[in-house]
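Text of structure01.txt, listed as compact mmCIF, C-alpha atoms and all ligand atoms:
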# COMPACT_ATOMS: atom_id res chain seq x y z
CA MET A 1 21.14 6.79 -50.36
CA VAL A 2 23.69 9.02 -48.75
CA GLY A 3 26.86 9.94 -50.55
CA LYS A 4 29.94 11.80 -49.51
CA MET A 5 31.09 14.50 -51.81
CA ARG A 6 33.60 17.11 -50.84
CA GLY A 7 33.41 16.07 -47.19
CA ARG A 8 29.63 16.42 -46.91
CA ARG A 9 26.91 13.84 -46.47
CA TRP A 10 24.03 14.20 -48.91
CA ARG A 11 20.53 12.94 -48.97
CA LEU A 12 18.38 12.13 -51.96
CA GLY A 13 15.66 14.69 -52.52
CA GLY A 14 17.15 17.24 -50.15
CA PRO A 15 19.15 17.49 -46.95
CA SER A 16 16.30 16.29 -44.72
CA ARG A 17 16.49 12.72 -46.04
CA ALA A 18 19.11 10.25 -44.87
CA VAL A 19 19.43 7.69 -47.65
CA GLY A 20 21.91 6.24 -49.94
CA ASP A 21 25.06 4.53 -50.79
CA PRO A 22 28.09 6.26 -49.30
CA GLY A 23 30.33 4.54 -51.89
CA ARG A 24 28.78 6.28 -54.92
CA GLY A 25 30.13 9.68 -54.08
CA TYR A 26 26.91 11.71 -54.47
CA PRO A 27 23.50 11.67 -52.89
CA GLY A 28 21.38 11.78 -56.05
CA TRP A 29 20.16 8.94 -58.19
CA PHE A 30 21.18 8.55 -61.82
CA VAL A 31 18.94 6.78 -64.33
CA ALA A 32 19.66 6.36 -68.04
CA VAL A 33 17.02 5.31 -70.51
CA GLU A 34 18.60 3.56 -73.46
CA GLY A 35 17.56 1.84 -76.66
CA GLY A 36 17.50 2.25 -80.40
CA ASP A 37 15.98 5.19 -82.19
CA GLY A 38 12.20 5.35 -81.96
CA VAL A 39 11.73 2.91 -79.03
CA GLY A 40 9.90 5.51 -76.92
CA LYS A 41 12.58 6.65 -74.45
CA SER A 42 11.42 10.28 -74.21
CA THR A 43 7.83 9.18 -73.56
CA GLN A 44 9.00 7.07 -70.61
CA ILE A 45 11.24 9.85 -69.28
CA THR A 46 8.35 12.29 -69.33
CA ALA A 47 6.07 9.82 -67.53
CA LEU A 48 8.72 8.87 -64.95
CA ALA A 49 9.61 12.49 -64.25
CA LYS A 50 5.97 13.28 -63.60
CA TRP A 51 5.59 10.31 -61.30
CA LEU A 52 8.79 11.02 -59.35
CA ARG A 53 8.00 14.71 -58.99
CA GLY A 54 4.59 13.69 -57.70
CA ARG A 55 6.38 11.70 -55.02
CA GLY A 56 8.28 14.81 -53.99
CA PHE A 57 11.65 14.20 -55.61
CA GLU A 58 13.66 16.83 -57.40
CA VAL A 59 13.92 15.47 -60.93
CA VAL A 60 16.24 16.65 -63.72
CA THR A 61 15.46 15.36 -67.20
CA THR A 62 18.19 15.65 -69.75
CA ARG A 63 19.58 14.00 -72.86
CA GLU A 64 22.73 13.10 -74.76
CA PRO A 65 23.60 14.62 -77.00
CA GLY A 66 21.96 18.01 -76.50
CA GLY A 67 21.65 18.39 -72.73
CA THR A 68 23.83 21.52 -72.80
CA PRO A 69 24.41 24.37 -75.31
CA LEU A 70 27.53 22.59 -76.41
CA GLY A 71 25.56 19.38 -76.64
CA VAL A 72 23.09 21.05 -78.98
CA GLU A 73 25.93 21.98 -81.30
CA VAL A 74 27.53 18.55 -81.06
CA ARG A 75 24.19 17.04 -81.83
CA ASP A 76 23.90 19.23 -84.82
CA LEU A 77 27.43 18.46 -85.91
CA VAL A 78 27.17 14.74 -85.48
CA LEU A 79 23.65 14.09 -86.57
CA HIS A 80 22.98 16.68 -89.16
CA ALA A 81 26.26 17.98 -90.71
CA ARG A 82 26.07 17.02 -94.32
CA GLU A 83 29.09 18.76 -95.80
CA HIS A 84 31.65 17.05 -93.64
CA GLN A 85 31.71 13.32 -93.20
CA LEU A 86 32.82 12.55 -89.61
CA GLY A 87 34.93 9.50 -88.91
CA ALA A 88 33.83 7.04 -86.22
CA ARG A 89 36.54 8.15 -83.80
CA ALA A 90 35.73 11.84 -84.24
CA GLU A 91 32.07 10.97 -83.77
CA ALA A 92 32.95 9.04 -80.61
CA LEU A 93 35.09 11.90 -79.33
CA LEU A 94 32.34 14.43 -80.01
CA PHE A 95 29.81 12.31 -78.13
CA ALA A 96 32.39 11.95 -75.34
CA ALA A 97 33.02 15.72 -75.34
CA ASP A 98 29.29 16.32 -75.13
CA ARG A 99 29.09 13.78 -72.25
CA ALA A 100 31.93 15.43 -70.35
CA ASP A 101 30.26 18.83 -70.63
CA HIS A 102 26.88 17.34 -69.82
CA MET A 103 28.21 15.56 -66.74
CA GLU A 104 30.06 18.60 -65.51
CA SER A 105 27.40 21.21 -66.07
CA VAL A 106 24.13 19.29 -65.61
CA VAL A 107 24.34 15.74 -64.25
CA ARG A 108 26.92 15.95 -61.51
CA PRO A 109 25.58 19.19 -59.93
CA ALA A 110 22.10 17.65 -59.90
CA LEU A 111 23.38 14.42 -58.31
CA GLU A 112 25.30 16.44 -55.75
CA ARG A 113 22.10 18.28 -54.89
CA GLY A 114 20.42 14.92 -54.32
CA ALA A 115 18.22 15.08 -57.41
CA ILE A 116 17.11 12.19 -59.55
CA VAL A 117 18.61 12.63 -63.01
CA LEU A 118 16.78 10.97 -65.90
CA THR A 119 18.91 11.05 -69.01
CA ASP A 120 17.85 10.07 -72.50
CA ARG A 121 20.96 8.08 -73.55
CA HIS A 122 24.40 7.83 -71.93
CA VAL A 123 27.48 5.59 -72.11
CA ASP A 124 25.61 2.57 -73.39
CA SER A 125 24.63 4.50 -76.53
CA SER A 126 28.28 5.25 -77.23
CA VAL A 127 29.18 1.59 -76.83
CA ALA A 128 26.18 0.42 -78.87
CA TYR A 129 26.51 2.95 -81.70
CA GLN A 130 30.23 3.75 -81.88
CA SER A 131 31.42 0.22 -81.03
CA GLY A 132 28.52 -2.07 -81.98
CA GLY A 133 27.42 0.11 -84.91
CA ARG A 134 30.61 1.74 -86.13
CA GLY A 135 32.94 -1.06 -85.11
CA LEU A 136 35.22 0.83 -82.69
CA ASP A 137 36.82 -1.17 -79.92
CA ALA A 138 34.37 -1.44 -77.07
CA ALA A 139 37.06 -1.06 -74.44
CA ASP A 140 38.28 2.15 -76.11
CA VAL A 141 34.75 3.56 -76.17
CA VAL A 142 34.19 2.57 -72.51
CA ALA A 143 37.51 4.12 -71.51
CA LEU A 144 36.66 7.30 -73.42
CA SER A 145 33.33 7.53 -71.62
CA ALA A 146 34.94 6.83 -68.28
CA PHE A 147 37.30 9.69 -68.98
CA ALA A 148 34.36 11.96 -69.81
CA THR A 149 32.30 11.01 -66.79
CA GLU A 150 35.15 10.68 -64.25
CA GLY A 151 33.75 7.26 -63.43
CA VAL A 152 30.22 8.36 -62.69
CA ARG A 153 27.82 5.88 -64.23
CA PRO A 154 24.06 5.41 -64.11
CA ASP A 155 22.69 3.63 -61.06
CA LEU A 156 20.03 2.10 -63.28
CA VAL A 157 19.92 1.65 -67.05
CA VAL A 158 16.47 1.09 -68.49
CA LEU A 159 16.92 -0.57 -71.85
CA LEU A 160 13.86 -0.37 -74.09
CA ASP A 161 14.46 -3.18 -76.52
CA LEU A 162 12.71 -3.19 -79.86
CA ASP A 163 13.12 -4.77 -83.26
CA PRO A 164 14.86 -2.06 -85.35
CA ALA A 165 12.35 -2.54 -88.17
CA VAL A 166 9.46 -1.80 -85.83
CA ALA A 167 11.40 1.15 -84.41
CA ARG A 168 12.07 2.47 -87.89
CA ALA A 169 8.36 2.28 -88.81
CA ARG A 170 7.52 4.23 -85.66
CA ARG A 171 10.16 6.86 -86.45
CA GLU A 172 8.95 7.30 -89.98
CA GLU A 173 5.43 7.71 -88.74
CA ARG A 174 6.57 10.35 -86.28
CA THR A 175 9.11 12.53 -88.08
CA GLY A 176 9.64 11.21 -91.49
CA VAL A 177 13.16 12.78 -91.66
CA PRO A 178 15.85 10.45 -90.25
CA ASP A 179 19.14 11.79 -88.82
CA LYS A 180 22.47 10.39 -89.96
CA LEU A 181 22.45 7.54 -87.50
CA GLU A 182 18.81 6.76 -87.92
CA ALA A 183 19.48 6.57 -91.59
CA GLU A 184 22.01 3.81 -91.12
CA ALA A 185 21.21 0.37 -92.58
CA GLY A 186 19.21 -2.28 -90.82
CA ASP A 187 22.19 -4.42 -89.86
CA PHE A 188 23.79 -1.33 -88.23
CA HIS A 189 20.75 -1.01 -85.99
CA ALA A 190 20.70 -4.76 -85.41
CA ARG A 191 24.29 -4.56 -84.06
CA VAL A 192 23.35 -1.58 -81.95
CA ARG A 193 20.48 -3.56 -80.49
CA SER A 194 22.57 -6.66 -79.77
CA THR A 195 25.34 -4.57 -78.19
CA PHE A 196 22.81 -2.96 -75.84
CA LEU A 197 21.48 -6.39 -74.91
CA ALA A 198 24.93 -7.85 -74.43
CA ARG A 199 25.92 -5.04 -72.05
CA ALA A 200 22.69 -5.47 -70.12
CA LYS A 201 23.33 -9.18 -69.80
CA GLN A 202 26.73 -8.55 -68.23
CA ASP A 203 25.30 -6.52 -65.37
CA PRO A 204 21.65 -7.50 -64.79
CA GLU A 205 21.62 -5.83 -61.35
CA ARG A 206 22.09 -2.44 -62.93
CA TYR A 207 19.92 -2.97 -66.03
CA LEU A 208 16.22 -3.25 -66.59
CA VAL A 209 15.54 -4.64 -70.04
CA LEU A 210 11.99 -4.19 -71.26
CA ASP A 211 10.31 -5.26 -74.44
CA ALA A 212 9.45 -1.86 -75.89
CA ASP A 213 6.79 -3.38 -78.13
CA GLN A 214 4.21 -2.80 -75.35
CA GLY A 215 1.98 0.04 -74.37
CA PRO A 216 3.85 2.99 -72.83
CA GLN A 217 1.87 2.73 -69.56
CA ILE A 218 2.86 -0.90 -69.14
CA LEU A 219 6.48 0.08 -69.65
CA THR A 220 6.16 2.98 -67.20
CA GLY A 221 4.62 0.65 -64.60
CA ALA A 222 7.50 -1.82 -64.99
CA ILE A 223 10.09 0.93 -64.57
CA GLN A 224 8.25 2.32 -61.57
CA ASP A 225 8.26 -1.14 -59.96
CA ARG A 226 12.02 -1.37 -60.37
CA LEU A 227 12.58 2.18 -59.10
CA ASP A 228 10.35 1.47 -56.13
CA GLN A 229 12.74 -1.31 -55.16
CA VAL A 230 15.87 0.78 -55.35
CA LEU A 231 14.88 4.36 -54.61
CA PRO A 232 14.71 5.57 -51.04
CA PRO A 233 11.66 7.60 -50.09
CA SER A 234 11.69 11.25 -51.05
CA ALA A 235 11.98 13.93 -48.40
CA ALA A 236 8.24 14.54 -48.67
CA GLU A 237 7.51 10.82 -48.45
CA ALA A 238 9.90 10.46 -45.55
CA GLU A 239 8.23 13.37 -43.82
CA ALA A 240 4.81 11.94 -44.54
CA ALA A 241 5.98 8.53 -43.33
CA ALA A 242 7.48 10.14 -40.23
CA ARG A 243 4.22 12.01 -39.74
CA ARG A 244 2.25 8.81 -40.19
CA GLU A 245 4.63 7.01 -37.84
CA ALA A 246 4.28 9.79 -35.31
CA GLU A 247 0.51 9.71 -35.75
CA LEU A 248 0.52 5.95 -35.44
CA ALA A 249 2.80 6.15 -32.40
CA ALA A 250 0.51 8.81 -30.95
CA ALA A 251 -2.52 6.67 -31.74
CA ILE A 252 -0.82 3.63 -30.19
CA ALA A 253 0.19 5.67 -27.16
CA LYS A 254 -3.34 7.01 -26.95
CA GLU A 255 -4.76 3.53 -27.32
CA ARG A 256 -2.33 2.24 -24.69
CA GLU A 257 -3.26 5.12 -22.46
CA PHE A 258 -6.91 4.38 -23.07
CA GLN A 259 -6.34 0.67 -22.42
CA ALA A 260 -4.35 1.47 -19.28
CA ALA A 261 -7.05 3.85 -18.11
CA LYS A 262 -9.66 1.25 -18.95
CA ALA A 263 -7.68 -1.44 -17.14
CA ALA A 264 -7.24 0.88 -14.17
CA GLU A 265 -10.93 1.69 -14.27
CA GLU A 266 -11.79 -1.99 -14.47
CA ALA A 267 -9.34 -2.82 -11.69
CA GLU A 268 -10.85 -0.04 -9.62
CA ALA A 269 -14.35 -1.27 -10.38
CA ARG A 270 -13.26 -4.82 -9.59
CA ALA A 271 -11.60 -3.68 -6.36
CA GLY A 272 -14.72 -1.67 -5.57
CA ALA A 273 -16.95 -4.65 -6.27
CA GLU A 274 -14.68 -6.89 -4.22
CA ALA A 275 -14.65 -4.40 -1.39
CA GLU A 276 -18.40 -4.13 -1.68
CA GLU A 277 -18.74 -7.91 -1.68
CA ARG A 278 -16.32 -8.20 1.25
CA LYS A 279 -18.26 -5.53 3.11
CA ARG A 280 -21.51 -7.28 2.30
CA ARG A 281 -20.11 -10.60 3.54
CA GLU A 282 -18.71 -8.96 6.66
CA GLU A 283 -22.03 -7.30 7.27
CA GLU A 284 -23.80 -10.59 6.66
CA LEU A 285 -21.40 -12.34 9.03
CA ALA A 286 -21.78 -9.56 11.58
CA GLU A 287 -25.55 -9.82 11.19
CA ARG A 288 -25.42 -13.59 11.62
CA GLN A 289 -23.13 -13.20 14.62
CA ALA A 290 -25.37 -10.49 16.04
CA ALA A 291 -28.41 -12.69 15.41
CA GLU A 292 -26.59 -15.62 17.00
CA GLN A 293 -25.58 -13.45 19.95
CA GLU A 294 -29.11 -12.15 20.16
CA ARG A 295 -30.43 -15.73 20.10
CA THR A 296 -27.88 -16.73 22.74
CA ARG A 297 -28.71 -13.65 24.77
CA LYS A 298 -32.43 -14.27 24.36
CA ALA A 299 -31.97 -17.93 25.31
CA ALA A 300 -29.91 -16.90 28.33
CA GLU A 301 -32.51 -14.29 29.16
CA ASP A 302 -35.30 -16.84 28.75
CA ARG A 303 -33.37 -19.31 30.84
CA ALA A 304 -32.68 -16.64 33.44
CA ALA A 305 -36.33 -15.60 33.31
CA ARG A 306 -37.41 -19.22 33.64
CA GLU A 307 -34.96 -19.73 36.48
CA ALA A 308 -36.07 -16.46 38.08
CA ALA A 309 -39.68 -17.53 37.66
CA GLU A 310 -38.84 -20.90 39.14
CA HIS A 311 -36.96 -19.19 41.96
CA GLU A 312 -39.82 -16.83 42.45
CA ALA A 313 -42.27 -19.72 42.42
CA GLN A 314 -40.07 -21.55 44.87
CA ALA A 315 -39.69 -18.44 46.99
CA GLN A 316 -43.42 -17.89 46.70
CA ALA A 317 -44.01 -21.48 47.70
CA GLN A 318 -41.56 -21.07 50.53
CA ALA A 319 -43.14 -17.79 51.47
CA ASP A 320 -46.57 -19.42 51.29
CA GLU A 321 -45.27 -22.30 53.34
CA ALA A 322 -43.71 -19.91 55.79
CA GLU A 323 -46.89 -17.91 55.89
CA ARG A 324 -48.90 -21.04 56.34
CA THR A 325 -46.52 -22.13 59.07
CA GLU A 326 -46.67 -18.66 60.57
CA THR A 327 -50.43 -18.66 60.31
CA GLN A 328 -50.53 -22.06 61.87
CA LYS A 329 -48.08 -20.91 64.48
CA ARG A 330 -50.07 -17.76 65.11
CA GLU A 331 -53.24 -19.87 65.15
CA ALA A 332 -51.63 -22.22 67.62
CA GLU A 333 -50.40 -19.26 69.63
CA ARG A 334 -53.82 -17.67 69.38
CA ARG A 335 -55.39 -20.89 70.49
CA GLU A 336 -52.79 -21.24 73.19
CA GLN A 337 -53.49 -17.70 74.17
CA GLU A 338 -57.17 -18.38 74.13
CA ARG A 339 -56.55 -21.54 76.04
CA ARG A 340 -54.39 -19.61 78.51
CA VAL A 341 -56.98 -16.86 78.69
CA GLN A 342 -59.60 -19.55 79.11
CA THR A 343 -57.49 -21.21 81.72
CA GLN A 344 -56.86 -17.87 83.36
CA GLN A 345 -60.53 -17.06 83.11
CA ASP A 346 -61.36 -20.50 84.47
CA ALA A 347 -58.82 -20.00 87.17
CA LEU A 348 -60.19 -16.54 87.75
CA ARG A 349 -63.71 -17.84 87.77
CA ARG A 350 -62.63 -20.60 90.11
CA ARG A 351 -60.84 -18.16 92.25
CA GLU A 352 -63.91 -15.91 92.11
CA ALA A 353 -66.06 -18.89 92.89
CA GLU A 354 -63.70 -19.89 95.62
CA LEU A 355 -63.57 -16.34 96.75
CA THR A 356 -67.33 -16.14 96.63
CA VAL A 357 -67.47 -19.39 98.51
CA ARG A 358 -64.87 -18.24 100.93
CA GLN A 359 -66.62 -14.89 101.20
CA ALA A 360 -69.91 -16.67 101.68
CA GLU A 361 -68.20 -18.93 104.12
CA ALA A 362 -66.54 -15.93 105.68
CA ARG A 363 -69.85 -14.11 105.79
CA ALA A 364 -71.50 -17.19 107.02
CA LYS A 365 -68.78 -17.60 109.51
CA GLU A 366 -69.07 -13.93 110.39
CA ARG A 367 -72.78 -14.15 110.64
CA ALA A 368 -72.37 -17.31 112.57
CA ARG A 369 -69.80 -15.58 114.67
CA LEU A 370 -72.03 -12.59 114.91
CA ALA A 371 -74.97 -14.80 115.59
CA ALA A 372 -72.93 -16.68 118.07
CA ALA A 373 -71.73 -13.42 119.48
CA ALA A 374 -75.26 -12.12 119.45
CA ALA A 375 -76.46 -15.32 120.98
CA LYS A 376 -73.76 -15.15 123.42
CA ALA A 377 -74.51 -11.50 124.01
CA ALA A 378 -78.16 -12.37 124.21
CA GLN A 379 -77.39 -15.15 126.55
CA GLU A 380 -75.41 -12.77 128.50
CA GLN A 381 -78.21 -10.36 128.26
CA ALA A 382 -80.71 -12.90 128.98
CA ARG A 383 -78.83 -14.01 131.87
CA ARG A 384 -78.97 -10.54 132.90
CA GLN A 385 -82.46 -9.84 131.32
CA PRO A 386 -84.37 -12.98 130.46
CA SER A 387 -87.03 -11.41 128.16
CA LEU A 388 -84.48 -9.53 126.20
CA ALA A 389 -82.48 -12.64 126.13
CA ASP A 390 -85.36 -14.45 124.62
CA ASP A 391 -85.79 -11.78 122.03
CA LEU A 392 -82.21 -11.79 121.14
CA MET A 393 -82.24 -15.51 121.06
CA GLN A 394 -85.13 -15.46 118.74
CA LEU A 395 -83.49 -12.86 116.68
CA GLY A 396 -80.39 -14.99 116.47
CA HIS A 397 -82.40 -17.97 115.32
CA ALA A 398 -84.28 -16.03 112.67
CA GLU A 399 -81.10 -14.77 111.06
CA ALA A 400 -79.68 -18.27 111.07
CA ASP A 401 -82.73 -19.53 109.24
CA GLU A 402 -82.62 -16.77 106.71
CA GLU A 403 -79.04 -17.51 106.09
CA ALA A 404 -79.77 -21.10 105.51
CA ALA A 405 -82.57 -20.23 103.09
CA ASP A 406 -80.41 -17.83 100.89
CA GLY A 407 -77.32 -20.00 100.58
CA PRO A 408 -73.79 -18.73 100.39
CA ASP A 409 -74.02 -17.45 96.61
CA ALA A 410 -77.09 -15.38 97.20
CA GLU A 411 -75.27 -13.27 99.67
CA GLY A 412 -72.67 -11.59 97.42
CA GLU A 413 -72.10 -8.73 99.75
CA GLN A 414 -69.69 -8.03 102.38
CA PRO A 415 -71.37 -8.45 105.75
P1 LIG A 501 18.24 10.65 -80.22
O1 LIG A 501 18.68 11.01 -78.87
O2 LIG A 501 17.27 9.60 -80.33
O3 LIG A 501 17.74 12.01 -80.81
P2 LIG A 501 16.42 12.30 -81.63
O4 LIG A 501 15.45 11.32 -81.26
O5 LIG A 501 16.02 13.68 -81.25
O6 LIG A 501 16.91 12.25 -83.02
O7 LIG A 501 19.39 10.41 -81.23
C1 LIG A 501 20.63 10.73 -81.04
C2 LIG A 501 21.44 9.89 -81.93
O8 LIG A 501 22.76 9.90 -81.53
C3 LIG A 501 21.02 8.49 -81.93
O9 LIG A 501 20.84 7.98 -83.20
C4 LIG A 501 22.09 7.76 -81.30
C5 LIG A 501 23.31 8.64 -81.45
N1 LIG A 501 24.29 8.53 -80.42
C6 LIG A 501 25.46 7.89 -80.61
O10 LIG A 501 25.71 7.40 -81.67
N2 LIG A 501 26.38 7.82 -79.63
C7 LIG A 501 26.17 8.38 -78.40
O11 LIG A 501 27.00 8.33 -77.50
C8 LIG A 501 24.92 9.03 -78.21
C9 LIG A 501 24.62 9.64 -76.90
C10 LIG A 501 24.01 9.09 -79.23
File written out as structure tokens:
Amino acid sequence: MVGKMRGRRWRLGGPSRAVGDPGRGYPGWFVAVEGGDGVGKSTQITALAKWLRGRGFEVVTTREPGGTPLGVEVRDLVLHAREHQLGARAEALLFAADRADHMESVVRPALERGAIVLTDRHVDSSVAYQSGGRGLDAADVVALSAFATEGVRPDLVVLLDLDPAVARARREERTGVPDKLEAEAGDFHARVRSTFLARAKQDPERYLVLDADQGPQILTGAIQDRLDQVLPPSAAEAEAAARREAELAAAIAKEREFQAAKAAEEAEARAGAEAEERKRREEELAERQAAEQERTRKAAEDRAAREAAEHEAQAQAQADEAERTETQKREAERREQERRVQTQQDALRRREAELTVRQAEARAKERARLAAAAAKAAQEQARRQPSLADDLMQLGHAEADEEAADGPDAEGEQP
């Protein structure tokens, strides 16, 4: 509810609150409580003021007539002057004069400040009493009021409707001394009532008509419901709402932050777990590959070892074979050698035997030659000396016999 007055924007409940209806011309909110005498208007105003102040609004409670010093006098004049009987028009003009003063000195300044003004009676009372009751032309009374108010009218009119007879009984219970208007006849009050209702019917948006024959708290609750629909929040409420919004926004931001951190943490944990799992799989694969390589290597090694062993066995067999061959060869050579040695020895022995034979033969020959020579010499000798020749001859024969007895091998010596 923001109004523009004298070039300024206003907010209800103070300058910190942006609310309102720029077309109304002021930032405050104007509520009139209307109804016949004794319907309980002041009770509702007191209760509403308390409630609105509790919500943080600036509230001005006032009344017509009597909201200003002039109003007090007008009130006195109109309601209590006994010596001079006022005509309906004068009465209407006095109420209008009071309204003009009231608007100028109390209501308008409060509305311009952004306050909520709760007034006990306003234009509708003039129309109900001076037109409905006194019989003045309604349009004249409305025009007179419009003149007094400069067109400012209540944003909400709460009409507490009550049977005038019931209202009268209440009044009499309360004060016992009726004012001039209260003292009017029952049909006067019936017209007042119907005029109020007729006006309310014409503009239901702006009126709240309540059956005043109910408990005051019920009435207050109904008025509060209506005001809740039309009033903007007070500055305090707006601040509290802004605070709550800020707190909520902070809480949401905090929650988002927390969720983001949590999500990041979870993502990190997930990534960590995945990395861990990947690492584990890689390690497992590497282990399997290493094991496979080890098996392959071991198999190759075993194969190589087997092949080496086979080679070695073969080589050993070959070596054994070669050795056997060599041994056989050496054996053959040895035997050949032995055979050659044997042969050589045989040959040697034969040669020795031959030599021995030849020597024996040679010796025999020599001895024979010697014997022959000796015989010859002996013969020679004998020819020259016969005895000696005999001796020598004999000697020669003896040696020849000996020789024959010994044989060639028994000799063995060089002659
Ligand atoms: P009210 O405000 O009820 O005063 P209280 O309860 O203290 O006596 O009464 C004021 C009387 O003035 C009431 O009977 C209605 C009358 N009245 C009019 O006739 N015309 C008006 O314009 C207004 C404001 C009041």
- Task: Please give me, as a list in words, the residues lying within 6 Å of ligand LIG 501 (chain A) when counting only C-alpha atoms and all ligand atoms.
- Result: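 Every residue with an atom at most 6 Å from ligand LIG 501 (chain A) is listed here: Asp37, Glu64, Pro65, Phe95, Arg121, His122, Ser125, Ser126, Tyr129, Gln130, Leu181 and Glu182 of chain A.
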Any chance you can output those residues with C-alpha atoms as an mmCIF file, keeping the file's coordinate frame?
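Everything below was put into part_35.cif:
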data_model
loop_
_atom_site.group_PDB
_atom_site.id
_atom_site.type_symbol
_atom_site.label_atom_id
_atom_site.label_comp_id
_atom_site.auth_asym_id
_atom_site.auth_seq_id
_atom_site.Cartn_x
_atom_site.Cartn_y
_atom_site.Cartn_z
ATOM 1 C CA ASP A 37 15.980 5.190 -82.190
ATOM 2 C CA GLU A 64 22.730 13.100 -74.760
ATOM 3 C CA PRO A 65 23.600 14.620 -77.000
ATOM 4 C CA PHE A 95 29.810 12.310 -78.130
ATOM 5 C CA ARG A 121 20.960 8.080 -73.550
ATOM 6 C CA HIS A 122 24.400 7.830 -71.930
ATOM 7 C CA SER A 125 24.630 4.500 -76.530
ATOM 8 C CA SER A 126 28.280 5.250 -77.230
ATOM 9 C CA TYR A 129 26.510 2.950 -81.700
ATOM 10 C CA GLN A 130 30.230 3.750 -81.880
ATOM 11 C CA LEU A 181 22.450 7.540 -87.500
ATOM 12 C CA GLU A 182 18.810 6.760 -87.920
#
- Message: Considering all atoms listed in the file, can you say which of A:Asp161, A:Glu333, A:Glu172, A:Glu326 comes closest to A:Gly40?
- Response: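 Counting all atoms listed in the file, the residue closest to A:Gly40 is A:Asp161.
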- In the coordinates of the file, take the point (14.8, 16.2, -57.7) and a cut-off of 7 Å; then, counting all atoms listed in the file, name each qualifying protein, DNA or RNA residue as JSON, numbers by chain. {"A": [13, 57, 58, 59, 60, 114, 115, 116]}
- atom CA of A:Val142 to atom CA of A:Asp98: how many Å, to one decimal?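 Computing the Euclidean distance for atom CA of A:Val142 and atom CA of A:Asp98 yields 14.8 Å.
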- Query: From the list A:Val177, A:Arg288, A:Ala236, A:Arg89, which residue is nearest A:Asp137 when using all atoms listed in the file?
  - Reply: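 Of all the options, A:Arg89 lies closest to A:Asp137.
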- Message: From the options A:Gln85, A:Gln342, A:Gln394, A:Thr46, which residue's atoms come nearest to A:Lys180, counting only C-alpha atoms?
- Response: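 Going through A:Gln85, A:Gln342, A:Gln394, A:Thr46 one by one, the smallest distance to A:Lys180 is for A:Gln85.
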- Item | Nearest residue to A:Gly38 from the set A:Ala275, A:Val357, A:Ala165, A:Leu370 (distances using only C-alpha atoms) |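 Nearest to A:Gly38: A:Ala165.
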- Message: As an exercise, work out the distance from atom CA of A:Asp203 to atom CA of A:Ala148 in Å and give it to one decimal place.
- Response: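 Between atom CA of A:Asp203 and atom CA of A:Ala148 the gap works out to 21.1 Å.
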Please return the centre and edge lengths, in Å to one decimal, of a box with edges along x, y and z that contains all listed atoms of stretch 100-115 of chain A, widened by 6 Å on every side, as JSON.
{"center_x": 25.1, "center_y": 17.8, "center_z": -62.5, "size_x": 25.7, "size_y": 18.8, "size_z": 28.3}
- Query: What does the distance between atom CA of A:Val72 and atom CA of A:Thr119 come to in Å, to one decimal place?
  - Reply: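 Atom CA of A:Val72 sits 14.7 Å away from atom CA of A:Thr119.
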- Item | Best match for closeness to A:Lys50 among A:Thr220, A:Val74, A:Glu184, A:Ala290, counting all atoms listed in the file | A:Thr220
- Task: Name the residues in contact with A:Leu162 at a cut-off of 7 Å, using only C-alpha atoms, excluding same-chain residues fewer than 4 positions from it; report them as number ranges by chain.
- Result: A: 39, 166-167, 211-213
- Tell me which protein, DNA and RNA residues are within 10 Å of A:Leu159, counting all atoms listed in the file, leaving out same-chain ones fewer than 6 positions away, and put them as a list of chain:residue names.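 Selected residues are A:Ala32, A:Val33, A:Glu34, A:Gly35, A:Gly36, A:Val39, A:Lys41, A:Arg121, A:Asp124, A:Arg193, A:Phe196, A:Leu197, A:Ala200, A:Tyr207, A:Leu208, A:Val209, A:Leu210, A:Asp211, A:Ala212.
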Go ahead and save the residues from that selection, with C-alpha atoms, as an mmCIF file, keeping the file's coordinate frame.
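See again.cif below for the written result:
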data_model
loop_
_atom_site.group_PDB
_atom_site.id
_atom_site.type_symbol
_atom_site.label_atom_id
_atom_site.label_comp_id
_atom_site.auth_asym_id
_atom_site.auth_seq_id
_atom_site.Cartn_x
_atom_site.Cartn_y
_atom_site.Cartn_z
ATOM 1 C CA ALA A 32 19.660 6.360 -68.040
ATOM 2 C CA VAL A 33 17.020 5.310 -70.510
ATOM 3 C CA GLU A 34 18.600 3.560 -73.460
ATOM 4 C CA GLY A 35 17.560 1.840 -76.660
ATOM 5 C CA GLY A 36 17.500 2.250 -80.400
ATOM 6 C CA VAL A 39 11.730 2.910 -79.030
ATOM 7 C CA LYS A 41 12.580 6.650 -74.450
ATOM 8 C CA ARG A 121 20.960 8.080 -73.550
ATOM 9 C CA ASP A 124 25.610 2.570 -73.390
ATOM 10 C CA ARG A 193 20.480 -3.560 -80.490
ATOM 11 C CA PHE A 196 22.810 -2.960 -75.840
ATOM 12 C CA LEU A 197 21.480 -6.390 -74.910
ATOM 13 C CA ALA A 200 22.690 -5.470 -70.120
ATOM 14 C CA TYR A 207 19.920 -2.970 -66.030
ATOM 15 C CA LEU A 208 16.220 -3.250 -66.590
ATOM 16 C CA VAL A 209 15.540 -4.640 -70.040
ATOM 17 C CA LEU A 210 11.990 -4.190 -71.260
ATOM 18 C CA ASP A 211 10.310 -5.260 -74.440
ATOM 19 C CA ALA A 212 9.450 -1.860 -75.890
#
